[in-house]
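structure-v4.cif (mmCIF, C-alpha atoms)
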data_my_file
loop_
_atom_site.group_PDB
_atom_site.id
_atom_site.type_symbol
_atom_site.label_atom_id
_atom_site.label_comp_id
_atom_site.auth_asym_id
_atom_site.auth_seq_id
_atom_site.Cartn_x
_atom_site.Cartn_y
_atom_site.Cartn_z
ATOM 1 C CA MET A 1 0.000 0.000 0.000
ATOM 2 C CA LEU A 2 2.814 2.402 0.876
ATOM 3 C CA ASN A 3 4.616 1.690 -2.410
ATOM 4 C CA THR A 4 1.441 2.547 -4.327
ATOM 5 C CA LYS A 5 1.245 5.940 -2.592
ATOM 6 C CA VAL A 6 4.937 6.568 -3.222
ATOM 7 C CA ASP A 7 4.557 5.540 -6.874
ATOM 8 C CA ARG A 8 1.560 7.841 -7.302
ATOM 9 C CA LEU A 9 3.432 10.728 -5.701
ATOM 10 C CA SER A 10 6.455 10.036 -7.900
ATOM 11 C CA ASN A 11 4.278 9.892 -11.030
ATOM 12 C CA TYR A 12 2.540 13.118 -10.025
ATOM 13 C CA SER A 13 5.903 14.821 -9.487
ATOM 14 C CA ILE A 14 7.137 13.673 -12.895
ATOM 15 C CA ILE A 15 3.934 14.766 -14.637
ATOM 16 C CA ALA A 16 4.055 18.155 -12.894
ATOM 17 C CA ARG A 17 7.673 18.689 -14.009
ATOM 18 C CA LEU A 18 6.822 17.667 -17.567
ATOM 19 C CA ASP A 19 3.774 19.954 -17.622
ATOM 20 C CA ASP A 20 5.984 22.846 -16.553
ATOM 21 C CA ALA A 21 8.664 22.019 -19.114
ATOM 22 C CA ILE A 22 6.615 21.087 -22.185
ATOM 23 C CA PRO A 23 4.762 23.945 -23.869
ATOM 24 C CA LEU A 24 1.176 23.154 -24.846
ATOM 25 C CA ASN A 25 0.757 25.938 -27.370
ATOM 26 C CA THR A 26 2.632 24.222 -30.184
ATOM 27 C CA GLU A 27 1.811 23.810 -33.854
ATOM 28 C CA GLU A 28 1.023 20.135 -33.263
ATOM 29 C CA TRP A 29 -1.346 20.887 -30.403
ATOM 30 C CA VAL A 30 -3.140 23.668 -32.300
ATOM 31 C CA LYS A 31 -3.733 21.220 -35.176
ATOM 32 C CA THR A 32 -5.004 18.560 -32.741
ATOM 33 C CA GLU A 33 -7.283 21.029 -30.991
ATOM 34 C CA ARG A 34 -8.683 22.187 -34.329
ATOM 35 C CA LEU A 35 -9.412 18.589 -35.342
ATOM 36 C CA LEU A 36 -11.082 17.839 -32.010
ATOM 37 C CA ASN A 37 -13.281 20.913 -32.465
ATOM 38 C CA GLN A 38 -14.294 19.732 -35.936
ATOM 39 C CA VAL A 39 -15.058 16.234 -34.674
ATOM 40 C CA SER A 40 -17.154 17.671 -31.849
ATOM 41 C CA GLU A 41 -19.718 18.779 -34.435
ATOM 42 C CA PHE A 42 -20.481 15.149 -35.330
ATOM 43 C CA VAL A 43 -20.035 13.024 -32.206
ATOM 44 C CA PRO A 44 -21.603 13.164 -28.756
ATOM 45 C CA MET A 45 -19.661 15.308 -26.292
ATOM 46 C CA SER A 46 -19.292 12.372 -23.888
ATOM 47 C CA MET A 47 -17.510 10.365 -26.592
ATOM 48 C CA LEU A 48 -15.255 13.302 -27.399
ATOM 49 C CA ASN A 49 -14.428 13.737 -23.701
ATOM 50 C CA SER A 50 -13.562 10.031 -23.440
ATOM 51 C CA LEU A 51 -11.346 10.284 -26.508
ATOM 52 C CA THR A 52 -9.606 13.377 -25.162
ATOM 53 C CA GLU A 53 -9.016 11.731 -21.784
ATOM 54 C CA ALA A 54 -7.583 8.644 -23.499
ATOM 55 C CA ILE A 55 -5.223 10.801 -25.580
ATOM 56 C CA ILE A 56 -4.108 12.710 -22.484
ATOM 57 C CA ALA A 57 -3.534 9.519 -20.485
ATOM 58 C CA TYR A 58 -1.503 8.031 -23.328
ATOM 59 C CA ALA A 59 0.570 11.180 -23.780
ATOM 60 C CA ASP A 60 1.212 11.490 -20.031
ATOM 61 C CA ASP A 61 2.304 7.858 -19.862
ATOM 62 C CA GLN A 62 4.640 8.232 -22.836
ATOM 63 C CA ALA A 63 6.135 11.431 -21.418
ATOM 64 C CA ARG A 64 6.612 9.769 -18.018
ATOM 65 C CA ARG A 65 8.297 6.770 -19.624
ATOM 66 C CA GLY A 66 10.562 9.047 -21.641
ATOM 67 C CA TYR A 67 11.487 10.997 -18.518
ATOM 68 C CA LEU A 68 12.306 7.807 -16.608
ATOM 69 C CA LEU A 69 14.375 6.432 -19.490
ATOM 70 C CA GLY A 70 16.262 9.715 -19.620
ATOM 71 C CA GLN A 71 16.956 9.504 -15.902
ATOM 72 C CA GLU A 72 18.223 5.924 -16.285
ATOM 73 C CA ASP A 73 20.507 7.034 -19.128
ATOM 74 C CA LEU A 74 21.803 9.893 -16.983
ATOM 75 C CA VAL A 75 22.569 7.526 -14.089
ATOM 76 C CA GLU A 76 24.448 5.160 -16.413
ATOM 77 C CA GLU A 77 26.436 8.064 -17.873
ATOM 78 C CA LEU A 78 27.345 9.338 -14.399
ATOM 79 C CA LYS A 79 28.365 5.824 -13.301
ATOM 80 C CA SER A 80 30.559 5.519 -16.370
ATOM 81 C CA LYS A 81 32.232 8.868 -15.678
ATOM 82 C CA ALA A 82 32.715 8.005 -12.022
ATOM 83 C CA THR A 83 34.356 4.695 -12.988
ATOM 84 C CA LYS A 84 36.773 6.501 -15.315
ATOM 85 C CA ILE A 85 37.701 8.966 -12.571
ATOM 86 C CA ALA A 86 38.206 6.286 -9.909
#
Could you render the structure from this file as structure tokens?
Amino acid sequence: MLNTKVDRLSNYSIIARLDDAIPLNTEEWVKTERLLNQVSEFVPMSMLNSLTEAIIAYADDQARRGYLLGQEDLVEELKSKATKIA
């Protein structure tokens, strides 16, 4: 139970850092937002909300995974440098 709380806190911290670091007003996002607005004319709002939430969850997960992989790479690089120094 404790690990789950720690994992959730860690994930929240990562997502918060990514949200601060990744701009949302990009050309890609503007295009996506425009498409979602067009689709909203033809599908029920509840379906559009579900789709948007699924996209957000996927993007958050991918960003979190990328962040963690980057941290692992950084640790390996620092270990390698420390070994060369020692």
Distance query Ile55 (chain A) at most 12 Å, all atoms listed in the file, self and fewer than 5 positions along chain excluded, as a PyMOL selection string
chain A and resi 29+32-33+36+48-50+60-62
So that I have them on file, write out the residues from the current selection with C-alpha atoms, as a PDB file, in the coordinates of the input.
ATOM      1  CA  TRP A  29      -1.346  20.887 -30.403  1.00  0.00           C
ATOM      2  CA  THR A  32      -5.004  18.560 -32.741  1.00  0.00           C
ATOM      3  CA  GLU A  33      -7.283  21.029 -30.991  1.00  0.00           C
ATOM      4  CA  LEU A  36     -11.082  17.839 -32.010  1.00  0.00           C
ATOM      5  CA  LEU A  48     -15.255  13.302 -27.399  1.00  0.00           C
ATOM      6  CA  ASN A  49     -14.428  13.737 -23.701  1.00  0.00           C
ATOM      7  CA  SER A  50     -13.562  10.031 -23.440  1.00  0.00           C
ATOM      8  CA  ASP A  60       1.212  11.490 -20.031  1.00  0.00           C
ATOM      9  CA  ASP A  61       2.304   7.858 -19.862  1.00  0.00           C
ATOM     10  CA  GLN A  62       4.640   8.232 -22.836  1.00  0.00           C
TER      11      GLN A  62
END
Just so the selection is clear, what residues does the PyMOL selection byres ((chain A and resi 18) around 12) cover here, as a list in words?
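Output from the PyMOL selection byres ((chain A and resi 18) around 12), applied to this file: Asn11, Tyr12, Ser13, Ile14, Ile15, Ala16, Arg17, Asp19, Asp20, Ala21, Ile22, Pro23, Leu24, Ala59, Asp60, Asp61, Gln62, Ala63, Arg64, Arg65, Gly66, Tyr67 and Leu68 of chain A.
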Same residues, C-alpha atoms, output as a short mmCIF file (atom, residue, chain, number, x, y, z; two decimals), keeping the file's coordinate frame:
data_model
loop_
_atom_site.label_atom_id
_atom_site.label_comp_id
_atom_site.auth_asym_id
_atom_site.auth_seq_id
_atom_site.Cartn_x
_atom_site.Cartn_y
_atom_site.Cartn_z
CA ASN A 11 4.28 9.89 -11.03
CA TYR A 12 2.54 13.12 -10.02
CA SER A 13 5.90 14.82 -9.49
CA ILE A 14 7.14 13.67 -12.90
CA ILE A 15 3.93 14.77 -14.64
CA ALA A 16 4.06 18.16 -12.89
CA ARG A 17 7.67 18.69 -14.01
CA ASP A 19 3.77 19.95 -17.62
CA ASP A 20 5.98 22.85 -16.55
CA ALA A 21 8.66 22.02 -19.11
CA ILE A 22 6.62 21.09 -22.18
CA PRO A 23 4.76 23.94 -23.87
CA LEU A 24 1.18 23.15 -24.85
CA ALA A 59 0.57 11.18 -23.78
CA ASP A 60 1.21 11.49 -20.03
CA ASP A 61 2.30 7.86 -19.86
CA GLN A 62 4.64 8.23 -22.84
CA ALA A 63 6.14 11.43 -21.42
CA ARG A 64 6.61 9.77 -18.02
CA ARG A 65 8.30 6.77 -19.62
CA GLY A 66 10.56 9.05 -21.64
CA TYR A 67 11.49 11.00 -18.52
CA LEU A 68 12.31 7.81 -16.61
#
Please determine an axis-aligned box that encloses all atoms of region 32-41 of chain A listed in the file, with 5 Å added on each side, and express its centre and edge lengths in Å to one decimal as AutoDock Vina command-line options.
--center_x -12.4 --center_y 19.2 --center_z -33.5 --size_x 24.7 --size_y 16.0 --size_z 14.9
Just to confirm, what's the straight-line distance from CA of Tyr58 (chain A) to CA of Leu74 (chain A) in Å (one decimal)?
24.2 Å
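A straight line drawn from CA of Glu72 (chain A) to CA of Ser10 (chain A) is 15.0 Å long.
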Measure the distance from CA of Leu51 (chain A) to CA of Arg34 (chain A) in Å and round it to one decimal.
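Those two atoms sit 14.5 Å apart.
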